[in-house]
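> Got a file for you: model.cif, mmCIF, C-alpha atoms.
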```
data_start
loop_
_atom_site.label_atom_id
_atom_site.label_comp_id
_atom_site.auth_asym_id
_atom_site.auth_seq_id
_atom_site.Cartn_x
_atom_site.Cartn_y
_atom_site.Cartn_z
CA MET A 226 -87.63 -67.04 62.21
CA GLU A 227 -84.92 -65.53 64.37
CA GLN A 228 -81.80 -63.92 62.99
CA ILE A 229 -78.93 -66.25 62.13
CA SER A 230 -75.94 -65.48 64.31
CA PHE A 231 -73.03 -65.40 61.90
CA ALA A 232 -70.58 -65.52 64.73
CA ALA A 233 -71.82 -68.95 65.73
CA VAL A 234 -71.70 -70.15 62.11
CA GLY A 235 -68.13 -68.89 61.80
CA ALA A 236 -67.10 -70.66 64.97
CA GLY A 237 -68.62 -73.88 63.67
CA LEU A 238 -66.71 -73.59 60.38
CA ALA A 239 -63.48 -73.04 62.29
CA VAL A 240 -64.08 -76.22 64.24
CA ILE A 241 -64.49 -78.11 60.96
CA GLY A 242 -61.03 -76.97 59.94
CA ALA A 243 -59.53 -77.94 63.29
CA GLY A 244 -61.23 -81.31 63.22
CA LEU A 245 -59.91 -82.09 59.75
CA GLY A 246 -56.40 -81.02 60.64
CA ILE A 247 -56.15 -82.92 63.91
CA GLY A 248 -57.80 -85.94 62.30
CA ARG A 249 -55.09 -86.03 59.64
CA ILE A 250 -52.35 -85.72 62.23
CA GLY A 251 -53.89 -88.53 64.27
CA GLY A 252 -54.16 -90.68 61.18
CA SER A 253 -50.55 -90.26 60.12
CA ALA A 254 -49.41 -90.74 63.70
CA MET A 255 -51.30 -94.05 63.82
CA GLU A 256 -49.72 -95.20 60.57
CA ALA A 257 -46.26 -94.21 61.75
CA ILE A 258 -46.71 -96.07 65.04
CA ALA A 259 -47.92 -99.11 63.11
CA ARG A 260 -44.79 -99.05 60.98
CA GLN A 261 -42.36 -98.60 63.86
CA PRO A 262 -43.75 -99.37 67.31
CA GLU A 263 -40.43 -98.56 69.03
CA ALA A 264 -40.79 -94.88 68.16
CA THR A 265 -44.25 -94.63 69.73
CA SER A 266 -43.41 -92.13 72.46
CA LYS A 267 -41.59 -89.76 70.11
CA ILE A 268 -44.43 -89.88 67.62
CA GLN A 269 -46.95 -89.34 70.38
CA THR A 270 -45.12 -86.26 71.64
CA ALA A 271 -44.90 -84.78 68.16
CA MET A 272 -48.56 -85.50 67.57
CA ILE A 273 -49.67 -83.76 70.76
CA ILE A 274 -47.57 -80.69 69.97
CA ALA A 275 -48.93 -80.44 66.44
CA ALA A 276 -52.48 -80.89 67.73
CA ALA A 277 -51.99 -78.07 70.26
CA LEU A 278 -50.71 -75.74 67.55
CA ILE A 279 -53.61 -76.48 65.22
CA GLU A 280 -56.03 -76.01 68.06
CA GLY A 281 -54.41 -72.64 68.70
CA ALA A 282 -55.32 -71.59 65.18
CA ALA A 283 -58.89 -72.77 65.59
CA LEU A 284 -59.19 -70.92 68.87
CA PHE A 285 -58.19 -67.70 67.10
CA ALA A 286 -61.47 -68.07 65.24
CA ILE A 287 -63.37 -68.78 68.46
CA VAL A 288 -61.98 -65.63 70.04
CA VAL A 289 -63.06 -63.55 67.04
CA ALA A 290 -66.48 -65.17 67.20
CA LEU A 291 -66.73 -64.36 70.89
CA ILE A 292 -65.88 -60.74 70.23
CA ALA A 293 -68.56 -60.51 67.53
CA MET B 40 -61.57 -101.50 96.42
CA LYS B 41 -65.00 -101.51 98.03
CA THR B 42 -64.25 -98.33 100.01
CA LYS B 43 -63.14 -96.59 96.82
CA LEU B 44 -66.38 -97.57 95.10
CA ALA B 45 -68.29 -96.32 98.13
CA PHE B 46 -66.48 -93.00 97.87
CA VAL B 47 -67.46 -92.63 94.24
CA PHE B 48 -71.11 -93.35 95.00
CA VAL B 49 -71.22 -90.93 97.94
CA PHE B 50 -69.64 -88.28 95.72
CA PHE B 51 -72.26 -88.78 93.04
CA PHE B 52 -75.09 -88.61 95.55
CA LEU B 53 -73.69 -85.39 96.98
CA LEU B 54 -73.54 -83.88 93.52
CA ILE B 55 -77.09 -84.87 92.73
CA GLY B 56 -78.09 -83.60 96.14
CA THR B 57 -76.77 -80.14 95.35
CA ALA B 58 -78.70 -80.19 92.09
CA LEU B 59 -81.83 -81.12 94.03
CA ASN B 60 -81.30 -78.24 96.43
CA SER B 61 -81.44 -75.74 93.61
CA PHE B 62 -84.88 -77.01 92.67
CA GLY B 63 -86.17 -76.64 96.19
CA GLN B 64 -85.87 -72.87 95.90
CA GLU B 65 -87.93 -72.53 92.75
CA GLY B 66 -91.32 -72.01 94.34
CA ASN B 67 -91.90 -68.30 93.75
CA GLU B 68 -93.48 -66.58 90.79
CA THR B 69 -90.80 -63.98 90.31
CA VAL B 70 -88.21 -66.31 88.76
CA GLU B 71 -86.86 -64.86 85.51
CA PRO B 72 -85.84 -67.16 82.68
CA PHE B 73 -82.33 -68.41 83.23
CA ASP B 74 -79.85 -66.46 81.15
CA ALA B 75 -76.98 -68.82 80.43
CA SER B 76 -74.65 -66.41 78.68
CA THR B 77 -74.76 -63.81 81.47
CA PHE B 78 -74.18 -66.55 84.04
CA ILE B 79 -71.17 -67.85 82.15
CA MET B 80 -69.68 -64.43 81.48
CA GLU B 81 -70.00 -63.50 85.14
CA HIS B 82 -68.00 -66.52 86.15
CA ILE B 83 -65.28 -66.00 83.57
CA ALA B 84 -64.84 -62.25 83.82
CA ASP B 85 -62.91 -60.37 86.45
CA SER B 86 -64.87 -58.64 89.20
CA HIS B 87 -64.36 -56.46 92.24
CA GLU B 88 -66.05 -58.88 94.62
CA TRP B 89 -65.76 -62.61 95.15
CA HIS B 90 -69.28 -63.99 94.91
CA LEU B 91 -69.63 -67.04 97.13
CA TRP B 92 -73.29 -67.92 97.01
CA SER B 93 -76.74 -66.31 96.88
CA LYS B 94 -79.05 -66.60 99.83
CA LYS B 95 -82.71 -67.57 99.42
CA ASP B 96 -83.98 -64.00 99.25
CA GLY B 97 -81.60 -63.08 96.45
CA GLU B 98 -78.98 -61.48 98.70
CA ALA B 99 -75.50 -62.35 97.63
CA VAL B 100 -72.85 -63.53 100.04
CA ALA B 101 -69.56 -62.28 98.71
CA ILE B 102 -66.10 -61.28 99.77
CA TYR B 103 -65.82 -57.60 98.89
CA LEU B 104 -62.35 -56.89 97.61
CA PRO B 105 -60.63 -53.50 98.00
CA VAL B 106 -61.02 -50.93 95.26
CA ILE B 107 -57.96 -48.75 94.70
CA LEU B 108 -58.37 -45.81 92.36
CA TYR B 109 -56.11 -43.02 91.26
CA SER B 110 -57.54 -40.01 89.49
CA LYS B 111 -55.94 -36.69 88.69
CA GLY B 112 -58.16 -34.46 90.81
CA LYS B 113 -58.70 -36.66 93.83
CA GLY B 114 -55.46 -38.61 94.08
CA LEU B 115 -55.31 -42.09 95.55
CA ASP B 116 -58.50 -43.54 97.01
CA ALA B 117 -59.03 -46.95 98.56
CA PHE B 118 -62.20 -48.48 99.95
CA SER B 119 -64.10 -51.75 100.02
CA SER B 120 -66.11 -52.60 96.93
CA LYS B 121 -69.15 -53.14 99.12
CA LYS B 122 -69.72 -49.40 98.94
CA LEU B 123 -70.06 -49.61 95.17
CA ALA B 124 -72.26 -52.70 95.08
CA HIS B 125 -75.73 -52.56 93.55
CA GLY B 126 -75.05 -49.32 91.73
CA HIS B 127 -74.44 -47.14 94.78
CA THR B 128 -72.31 -44.06 94.45
CA HIS B 129 -69.55 -43.55 96.96
CA ASN B 130 -67.24 -40.59 97.30
CA GLY B 131 -68.00 -39.53 93.78
CA TYR B 132 -67.29 -42.90 92.21
CA LYS B 133 -69.71 -45.37 90.74
CA ILE B 134 -69.61 -48.41 88.49
CA GLU B 135 -71.07 -47.50 85.12
CA GLU B 136 -73.95 -49.81 84.33
CA GLU B 137 -74.47 -49.51 80.59
CA GLY B 138 -73.08 -48.03 77.44
CA ASP B 139 -69.47 -47.97 76.29
CA LEU B 140 -68.00 -47.74 79.77
CA GLU B 141 -69.98 -50.61 81.25
CA GLY B 142 -68.28 -52.08 84.28
CA VAL B 143 -65.73 -49.28 84.55
CA ILE B 144 -65.53 -47.16 87.68
CA VAL B 145 -66.13 -43.54 86.72
CA ASN B 146 -66.02 -40.18 88.42
CA VAL B 147 -69.39 -38.53 89.08
CA ASN B 148 -69.84 -35.00 90.33
CA GLU B 149 -72.63 -33.89 92.65
CA GLU B 150 -75.40 -33.69 90.06
CA GLY B 151 -74.68 -37.25 89.05
CA ARG B 152 -73.07 -36.47 85.71
CA VAL B 153 -70.25 -38.72 84.65
CA ASP B 154 -66.92 -37.05 84.05
CA GLU B 155 -65.86 -38.69 80.79
CA ALA B 156 -62.50 -37.01 80.43
CA ASN B 157 -61.14 -38.01 83.79
CA ILE B 158 -61.68 -41.76 84.20
CA PRO B 159 -59.79 -42.91 87.28
CA LEU B 160 -56.94 -45.37 86.94
CA ASP B 161 -58.22 -48.62 88.36
CA LEU B 162 -55.54 -50.33 90.43
CA SER B 163 -57.94 -52.43 92.51
CA ILE B 164 -57.26 -55.82 93.96
CA THR B 165 -59.77 -57.75 91.87
CA LYS B 166 -60.54 -61.47 91.79
CA THR B 167 -57.83 -62.19 89.23
CA VAL B 168 -55.23 -60.28 91.24
CA VAL B 169 -56.04 -62.29 94.36
CA GLY B 170 -55.72 -65.53 92.38
CA LEU B 171 -52.44 -64.32 90.90
CA LEU B 172 -50.97 -63.40 94.29
CA PHE B 173 -52.10 -66.70 95.75
CA SER B 174 -50.51 -68.73 92.97
CA CYS B 175 -47.30 -66.74 93.39
CA ILE B 176 -47.33 -67.60 97.08
CA ILE B 177 -47.82 -71.27 96.26
CA GLY B 178 -44.97 -71.17 93.76
CA LEU B 179 -42.66 -69.40 96.18
CA ILE B 180 -43.42 -71.86 98.98
CA LEU B 181 -42.82 -74.86 96.73
CA PHE B 182 -39.58 -73.69 95.21
CA LEU B 183 -38.03 -71.96 98.19
CA SER B 184 -38.59 -75.04 100.33
CA MET B 185 -37.10 -77.16 97.59
CA SER B 186 -33.99 -75.01 97.25
CA ARG B 187 -33.59 -74.93 101.02
CA SER B 188 -33.61 -78.69 101.25
CA TYR B 189 -31.08 -78.88 98.43
CA LYS B 190 -28.81 -76.53 100.32
CA LYS B 191 -29.05 -78.62 103.45
CA THR B 192 -28.55 -82.08 102.01
CA GLY B 193 -26.46 -81.25 98.98
CA ILE B 194 -26.71 -83.24 95.78
CA SER B 195 -28.07 -86.47 97.15
CA HIS B 196 -31.17 -88.48 96.52
CA PRO B 197 -34.22 -86.22 96.48
CA LYS B 198 -36.85 -86.48 99.15
CA GLY B 199 -40.14 -84.79 99.78
CA ILE B 200 -41.32 -82.15 97.39
CA GLN B 201 -38.03 -82.35 95.47
CA SER B 202 -38.83 -85.82 94.22
CA PHE B 203 -41.99 -84.47 92.64
CA LEU B 204 -40.65 -81.29 91.12
CA GLU B 205 -37.19 -82.42 90.07
CA PRO B 206 -38.28 -84.63 87.14
CA ILE B 207 -40.40 -81.78 85.80
CA ILE B 208 -37.53 -79.31 86.08
CA LEU B 209 -35.18 -81.75 84.37
CA PHE B 210 -37.79 -82.28 81.68
CA VAL B 211 -37.96 -78.53 81.03
CA ARG B 212 -34.18 -78.35 80.95
CA ASP B 213 -33.46 -81.36 78.76
CA ASP B 214 -36.40 -81.61 76.43
CA ILE B 215 -37.30 -77.98 76.05
CA ALA B 216 -34.24 -75.83 76.69
CA ILE B 217 -31.27 -77.93 75.60
CA ALA B 218 -33.12 -79.57 72.74
CA ASN B 219 -34.04 -76.22 71.22
CA ILE B 220 -31.53 -73.60 72.33
CA GLY B 221 -28.47 -75.80 72.38
CA ILE B 222 -26.20 -76.93 75.15
CA HIS B 223 -23.96 -73.87 75.16
CA LYS B 224 -26.52 -71.10 75.44
CA TYR B 225 -29.49 -72.54 77.27
CA GLU B 226 -28.53 -71.56 80.81
CA LYS B 227 -29.37 -67.89 80.46
CA TYR B 228 -32.95 -68.69 79.57
CA MET B 229 -33.62 -71.44 82.09
CA PRO B 230 -34.94 -69.19 84.91
CA TYR B 231 -37.48 -67.58 82.61
CA LEU B 232 -38.57 -70.86 81.02
CA LEU B 233 -38.98 -72.57 84.37
CA THR B 234 -40.88 -69.60 85.81
CA VAL B 235 -43.25 -69.37 82.88
CA PHE B 236 -43.89 -73.11 82.84
CA PHE B 237 -44.77 -73.37 86.52
CA PHE B 238 -46.64 -70.08 86.58
CA ILE B 239 -48.95 -71.14 83.75
CA LEU B 240 -49.31 -74.63 85.18
CA ILE B 241 -50.20 -73.53 88.71
CA ASN B 242 -52.65 -70.90 87.46
CA ASN B 243 -54.32 -73.29 85.03
CA LEU B 244 -54.77 -75.88 87.75
CA MET B 245 -56.08 -73.30 90.19
CA GLY B 246 -58.65 -72.18 87.65
CA LEU B 247 -60.08 -75.69 87.54
CA VAL B 248 -60.88 -75.90 91.25
CA PRO B 249 -64.07 -73.91 91.91
CA PHE B 250 -64.05 -73.72 95.72
CA PRO B 251 -62.79 -72.40 98.27
CA PRO B 252 -62.13 -68.76 97.44
CA PRO B 253 -58.50 -68.36 96.46
CA PHE B 254 -58.99 -71.13 93.91
CA GLY B 255 -61.49 -70.66 91.14
CA ALA B 256 -60.05 -67.37 89.94
CA ASN B 257 -59.71 -67.33 86.19
CA VAL B 258 -56.14 -66.01 85.95
CA THR B 259 -54.72 -67.46 82.73
CA GLY B 260 -58.09 -66.98 81.08
CA ASN B 261 -57.58 -63.24 81.36
CA ILE B 262 -56.12 -61.81 78.20
CA ALA B 263 -54.19 -59.14 80.08
CA VAL B 264 -52.22 -61.80 81.96
CA THR B 265 -51.38 -63.80 78.85
CA PHE B 266 -50.52 -60.55 77.06
CA VAL B 267 -47.90 -59.78 79.69
CA LEU B 268 -46.43 -63.29 79.46
CA ALA B 269 -46.22 -63.08 75.67
CA MET B 270 -44.67 -59.62 75.98
CA PHE B 271 -41.93 -61.01 78.23
CA THR B 272 -41.15 -63.64 75.62
CA PHE B 273 -41.14 -60.98 72.93
CA ILE B 274 -38.80 -58.67 74.85
CA ILE B 275 -36.36 -61.45 75.72
CA THR B 276 -36.33 -62.64 72.10
CA GLN B 277 -35.59 -59.18 70.71
CA PHE B 278 -32.93 -58.36 73.27
CA SER B 279 -31.07 -61.60 72.73
CA GLY B 280 -31.13 -61.40 68.97
CA ASN B 281 -27.65 -61.60 67.49
CA LYS B 282 -26.40 -60.32 64.15
CA ASN B 283 -27.49 -63.48 62.40
CA TYR B 284 -31.06 -63.00 63.61
CA TRP B 285 -31.34 -59.44 62.37
CA ARG B 286 -29.72 -60.41 59.09
CA HIS B 287 -32.32 -63.13 58.63
CA THR B 288 -35.06 -60.63 59.31
CA PHE B 289 -33.98 -57.76 57.11
CA ALA B 290 -31.90 -59.43 54.43
CA THR B 291 -32.99 -63.04 54.34
CA PRO B 292 -30.17 -64.93 52.59
CA GLY B 293 -31.12 -66.48 49.30
CA VAL B 294 -33.87 -63.96 48.54
CA PRO B 295 -33.41 -61.94 45.29
CA PHE B 296 -33.27 -58.20 45.94
CA TRP B 297 -36.46 -57.37 44.12
CA LEU B 298 -38.41 -59.62 46.50
CA LEU B 299 -37.03 -57.89 49.61
CA PRO B 300 -39.73 -55.14 49.82
CA VAL B 301 -42.22 -57.97 50.26
CA MET B 302 -40.11 -60.11 52.55
CA ILE B 303 -39.14 -57.41 55.05
CA PRO B 304 -42.71 -56.46 56.06
CA VAL B 305 -43.58 -60.14 56.21
CA GLU B 306 -40.67 -60.82 58.54
CA ILE B 307 -41.52 -57.82 60.72
CA ILE B 308 -45.13 -58.95 60.98
CA GLY B 309 -43.78 -62.38 61.86
CA ILE B 310 -41.80 -60.92 64.77
CA PHE B 311 -45.01 -59.60 66.29
CA SER B 312 -47.42 -62.32 65.27
CA LYS B 313 -45.53 -65.13 66.99
CA PRO B 314 -45.92 -63.82 70.56
CA PHE B 315 -49.43 -62.69 69.66
CA ALA B 316 -50.30 -66.26 68.76
CA LEU B 317 -48.82 -67.40 72.08
CA MET B 318 -51.08 -65.00 73.92
CA ILE B 319 -54.27 -65.95 72.06
CA ARG B 320 -53.55 -69.67 72.24
CA LEU B 321 -53.23 -69.77 76.03
CA PHE B 322 -56.13 -67.39 76.66
CA ALA B 323 -58.53 -69.11 74.28
CA ASN B 324 -57.71 -72.64 75.40
CA ILE B 325 -58.27 -71.92 79.08
CA THR B 326 -61.32 -69.70 78.60
CA ALA B 327 -62.92 -72.13 76.17
CA GLY B 328 -62.47 -74.93 78.67
CA HIS B 329 -64.11 -72.93 81.43
CA ILE B 330 -66.99 -71.92 79.16
CA ILE B 331 -67.61 -75.54 78.20
CA VAL B 332 -67.71 -76.72 81.80
CA LEU B 333 -70.00 -73.86 82.81
CA SER B 334 -72.34 -74.48 79.86
CA LEU B 335 -72.64 -78.14 80.73
CA VAL B 336 -73.59 -77.23 84.29
CA CYS B 337 -76.05 -74.64 82.93
CA LEU B 338 -77.76 -77.44 80.99
CA ILE B 339 -79.38 -78.50 84.24
CA PHE B 340 -80.84 -75.06 84.82
CA ILE B 341 -81.90 -74.44 81.24
CA SER B 342 -83.75 -77.72 80.93
CA LYS B 343 -85.19 -77.32 84.44
CA SER B 344 -85.41 -81.08 84.79
CA LEU B 345 -83.64 -83.26 87.29
CA ALA B 346 -83.05 -86.14 84.91
CA VAL B 347 -80.42 -84.11 83.10
CA ALA B 348 -78.32 -83.82 86.25
CA PRO B 349 -76.42 -87.17 86.22
CA VAL B 350 -75.70 -86.91 82.49
CA SER B 351 -74.57 -83.34 82.80
CA ILE B 352 -72.35 -84.07 85.78
CA LEU B 353 -70.72 -87.02 84.01
CA PHE B 354 -69.99 -84.76 81.06
CA VAL B 355 -68.59 -82.13 83.40
CA ILE B 356 -66.25 -84.70 84.97
CA PHE B 357 -65.08 -85.79 81.55
CA MET B 358 -64.51 -82.21 80.44
CA ASP B 359 -62.61 -81.52 83.64
CA CYS B 360 -60.24 -84.39 82.89
CA LEU B 361 -59.74 -82.96 79.41
CA GLU B 362 -59.13 -79.57 80.99
CA LEU B 363 -56.46 -81.13 83.19
CA LEU B 364 -54.70 -82.39 80.08
CA VAL B 365 -55.08 -78.99 78.44
CA ALA B 366 -53.63 -77.27 81.52
CA PHE B 367 -50.40 -79.26 81.31
CA LEU B 368 -50.30 -79.13 77.55
CA GLN B 369 -50.71 -75.36 77.31
CA ALA B 370 -47.97 -74.76 79.86
CA TYR B 371 -45.71 -77.09 77.88
CA VAL B 372 -46.55 -75.54 74.50
CA PHE B 373 -46.03 -71.98 75.74
CA THR B 374 -42.64 -72.87 77.19
CA LEU B 375 -41.65 -74.89 74.12
CA LEU B 376 -42.52 -72.10 71.72
CA SER B 377 -40.73 -69.52 73.87
CA ALA B 378 -37.62 -71.72 73.79
CA LEU B 379 -38.03 -72.07 70.03
CA PHE B 380 -38.17 -68.29 69.58
CA PHE B 381 -35.08 -67.87 71.76
CA SER B 382 -33.26 -70.47 69.68
CA LEU B 383 -34.16 -68.60 66.50
CA ALA B 384 -32.73 -65.44 68.03
CA VAL B 385 -29.39 -66.92 69.07
CA GLN B 386 -28.79 -69.21 66.15
CA GLU B 387 -25.32 -69.10 64.67
CA HIS B 388 -24.68 -69.04 60.99
CA HIS B 389 -24.27 -72.59 59.72
#
```
Kindly present the structure from the file in structure tokens form.

Amino acid sequence: MEQISFAAVGAGLAVIGAGLGIGRIGGSAMEAIARQPEATSKIQTAMIIAAALIEGAALFAIVVALIA
Amino acid sequence: MKTKLAFVFVFFFLLIGTALNSFGQEGNETVEPFDASTFIMEHIADSHEWHLWSKKDGEAVAIYLPVILYSKGKGLDAFSSKKLAHGHTHNGYKIEEEGDLEGVIVNVNEEGRVDEANIPLDLSITKTVVGLLFSCIIGLILFLSMSRSYKKTGISHPKGIQSFLEPIILFVRDDIAIANIGIHKYEKYMPYLLTVFFFILINNLMGLVPFPPPFGANVTGNIAVTFVLAMFTFIITQFSGNKNYWRHTFATPGVPFWLLPVMIPVEIIGIFSKPFALMIRLFANITAGHIIVLSLVCLIFISKSLAVAPVSILFVIFMDCLELLVAFLQAYVFTLLSALFFSLAVQEHH
């Protein structure tokens, strides 16, 4: 059995975190749009920004995994 | 509608045709197993030559870019990187193949021993530098022509390239600068914010197009480039910090005095970690996108079967669309966060 690459495992765990975070943002954005359809574009903008920031954090982990 | 459909089909057949071509060359015994990670790293990393394609006998067709070196003993030296290709030594320089200094150009004396203490300063025009210069030329052409047409026609209805760029510039001004920095102080920062937005955008888009040569250089996926951009944001933030900003950093109001020894290091780390996050975010997003597209294309070669080709190419097209979104988004997020940091620095006491 070959050696487990911990870097790959770490990257996978980081993606779990990112997926959970962005999923929650998407969910609340959907609920907010359902409550108030007129504010759709503002909510969408805020959602995309928050998703980009969370993805930034996840990509920190990818960079560290790449270095390892 | 029918001609558009025909275009799409022809495009697909061409793509599959290129995949077929690669199989035509696999007749010989001496084919090594395909190493995906080396292939991907070669395409992402910077290099002294621009590899165009490999001929049937393994010879590479490449544009050999100039190598410019400065070392203490020998002074300034410039020559084409063709002289250093394939491990040759030229004029006492060679590219180190393995070990700690792999890929670095080092000084060798006559016996062939590497001079570790005197590594030459590498100022070469590499692939990334060519891409950078080309994107600067594109930016200059776009914006100088736009400003010239404004000067000629005055403030009237926009035509030509203005009509495309003006909404984006107004977007940066209204939604990023004024919304964050405030209507009284935003003007000082507009040139920098506009420059950084369009620089990142043009370089991201150029990185997505693989061919012909000036495109396809991975500029924003190079951590040195994003480091410099983040450093500019950092320097501008620190130099425009007013008394309120420094008071918030060193004596955060509302914090009891015994907590200050904890808060001050935290704030100082925060000053450095925010631009650092900017740098890593842009670099990792762009590089990750390129790695994904390259891996999907490598699927064809790893599986060595033609049936994978249409699936793989469809995935690649989908990932490229996602990359397009990421290109715009990363430019926007970098500019937005820079504006946010500036606003923190110039905030007045409420």
> At most 12 Å is the cut-off: for each residue in chain A with any atom that close to an atom of chain B, write down the nearest atom pair and the distance in Å rounded to one decimal, counting all atoms listed in the file, chain first then increasing number, as a Markdown table.

```
| residue | atom | partner | partner_atom | distance |
| --- | --- | --- | --- | --- |
| A:Lys267 | CA | B:Asp214 | CA | 11.5 |
| A:Thr270 | CA | B:Leu368 | CA | 10.6 |
| A:Ala271 | CA | B:Val372 | CA | 11.3 |
| A:Met272 | CA | B:Leu368 | CA | 12.0 |
| A:Ile273 | CA | B:Leu368 | CA | 8.2 |
| A:Ile274 | CA | B:Val372 | CA | 6.9 |
| A:Ala275 | CA | B:Val372 | CA | 9.7 |
| A:Ala276 | CA | B:Leu368 | CA | 10.2 |
| A:Ala277 | CA | B:Val372 | CA | 7.3 |
| A:Leu278 | CA | B:Val372 | CA | 8.1 |
| A:Ile279 | CA | B:Arg320 | CA | 9.8 |
| A:Glu280 | CA | B:Arg320 | CA | 8.0 |
| A:Gly281 | CA | B:Arg320 | CA | 4.7 |
| A:Ala282 | CA | B:Arg320 | CA | 7.5 |
| A:Ala283 | CA | B:Arg320 | CA | 9.1 |
| A:Leu284 | CA | B:Ala323 | CA | 5.7 |
| A:Phe285 | CA | B:Ile319 | CA | 6.6 |
| A:Ala286 | CA | B:Ala323 | CA | 9.6 |
| A:Ile287 | CA | B:Ala323 | CA | 7.6 |
| A:Val288 | CA | B:Ala323 | CA | 6.5 |
| A:Val289 | CA | B:Ala323 | CA | 10.2 |
| A:Ala290 | CA | B:Ala323 | CA | 11.4 |
| A:Leu291 | CA | B:Ala323 | CA | 10.1 |
| A:Ile292 | CA | B:Ala323 | CA | 11.9 |
```
> Selection from above, C-alpha atoms, as a PDB file, in the coordinates of the input, can you write it?

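Below is the file selection-v1.pdb, written as the result:
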```
ATOM      1  CA  LYS A 267     -41.590 -89.760  70.110  1.00  0.00           C
ATOM      2  CA  THR A 270     -45.120 -86.260  71.640  1.00  0.00           C
ATOM      3  CA  ALA A 271     -44.900 -84.780  68.160  1.00  0.00           C
ATOM      4  CA  MET A 272     -48.560 -85.500  67.570  1.00  0.00           C
ATOM      5  CA  ILE A 273     -49.670 -83.760  70.760  1.00  0.00           C
ATOM      6  CA  ILE A 274     -47.570 -80.690  69.970  1.00  0.00           C
ATOM      7  CA  ALA A 275     -48.930 -80.440  66.440  1.00  0.00           C
ATOM      8  CA  ALA A 276     -52.480 -80.890  67.730  1.00  0.00           C
ATOM      9  CA  ALA A 277     -51.990 -78.070  70.260  1.00  0.00           C
ATOM     10  CA  LEU A 278     -50.710 -75.740  67.550  1.00  0.00           C
ATOM     11  CA  ILE A 279     -53.610 -76.480  65.220  1.00  0.00           C
ATOM     12  CA  GLU A 280     -56.030 -76.010  68.060  1.00  0.00           C
ATOM     13  CA  GLY A 281     -54.410 -72.640  68.700  1.00  0.00           C
ATOM     14  CA  ALA A 282     -55.320 -71.590  65.180  1.00  0.00           C
ATOM     15  CA  ALA A 283     -58.890 -72.770  65.590  1.00  0.00           C
ATOM     16  CA  LEU A 284     -59.190 -70.920  68.870  1.00  0.00           C
ATOM     17  CA  PHE A 285     -58.190 -67.700  67.100  1.00  0.00           C
ATOM     18  CA  ALA A 286     -61.470 -68.070  65.240  1.00  0.00           C
ATOM     19  CA  ILE A 287     -63.370 -68.780  68.460  1.00  0.00           C
ATOM     20  CA  VAL A 288     -61.980 -65.630  70.040  1.00  0.00           C
ATOM     21  CA  VAL A 289     -63.060 -63.550  67.040  1.00  0.00           C
ATOM     22  CA  ALA A 290     -66.480 -65.170  67.200  1.00  0.00           C
ATOM     23  CA  LEU A 291     -66.730 -64.360  70.890  1.00  0.00           C
ATOM     24  CA  ILE A 292     -65.880 -60.740  70.230  1.00  0.00           C
TER      25      ILE A 292
END
```
> Please identify all polymer residues lying at most 12 Å from the point (-47.4, -58.4, 76.3) (file coordinates), using all atoms listed in the file, and present the result as a PDB file with C-alpha atoms, in the frame of the given file.

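This went into selection.pdb:
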```
ATOM      1  CA  ILE B 262     -56.120 -61.810  78.200  1.00  0.00           C
ATOM      2  CA  ALA B 263     -54.190 -59.140  80.080  1.00  0.00           C
ATOM      3  CA  VAL B 264     -52.220 -61.800  81.960  1.00  0.00           C
ATOM      4  CA  THR B 265     -51.380 -63.800  78.850  1.00  0.00           C
ATOM      5  CA  PHE B 266     -50.520 -60.550  77.060  1.00  0.00           C
ATOM      6  CA  VAL B 267     -47.900 -59.780  79.690  1.00  0.00           C
ATOM      7  CA  LEU B 268     -46.430 -63.290  79.460  1.00  0.00           C
ATOM      8  CA  ALA B 269     -46.220 -63.080  75.670  1.00  0.00           C
ATOM      9  CA  MET B 270     -44.670 -59.620  75.980  1.00  0.00           C
ATOM     10  CA  PHE B 271     -41.930 -61.010  78.230  1.00  0.00           C
ATOM     11  CA  THR B 272     -41.150 -63.640  75.620  1.00  0.00           C
ATOM     12  CA  PHE B 273     -41.140 -60.980  72.930  1.00  0.00           C
ATOM     13  CA  ILE B 274     -38.800 -58.670  74.850  1.00  0.00           C
ATOM     14  CA  ILE B 275     -36.360 -61.450  75.720  1.00  0.00           C
ATOM     15  CA  PHE B 311     -45.010 -59.600  66.290  1.00  0.00           C
ATOM     16  CA  SER B 312     -47.420 -62.320  65.270  1.00  0.00           C
ATOM     17  CA  LYS B 313     -45.530 -65.130  66.990  1.00  0.00           C
ATOM     18  CA  PRO B 314     -45.920 -63.820  70.560  1.00  0.00           C
ATOM     19  CA  PHE B 315     -49.430 -62.690  69.660  1.00  0.00           C
ATOM     20  CA  ALA B 316     -50.300 -66.260  68.760  1.00  0.00           C
ATOM     21  CA  LEU B 317     -48.820 -67.400  72.080  1.00  0.00           C
ATOM     22  CA  MET B 318     -51.080 -65.000  73.920  1.00  0.00           C
ATOM     23  CA  ILE B 319     -54.270 -65.950  72.060  1.00  0.00           C
TER      24      ILE B 319
END
```
> When you count all atoms listed in the file, which of these residues is closest to Phe381 of chain B: B:Ala101, B:Val145, B:Ile158, B:Ile310?
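Closest candidate: B:Ile310.
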> Distance atom CA of Leu383 of chain B-atom CA of Leu209 of chain B, one decimal place?
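About the pair atom CA of Leu383 of chain B and atom CA of Leu209 of chain B: they are 22.2 Å apart.
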> Which residues would end up in the selection if the PyMOL selection byres ((chain B and resi 90) around 10) were applied here, given that I need the answer as a list in words?
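Listing what the PyMOL selection byres ((chain B and resi 90) around 10) selects in the shown file: Glu81, His82, Ser86, His87, Glu88, Trp89, Leu91, Trp92, Ser93, Ala99, Val100, Ala101, Ile102, Tyr103, Lys166 and Pro252 of chain B.
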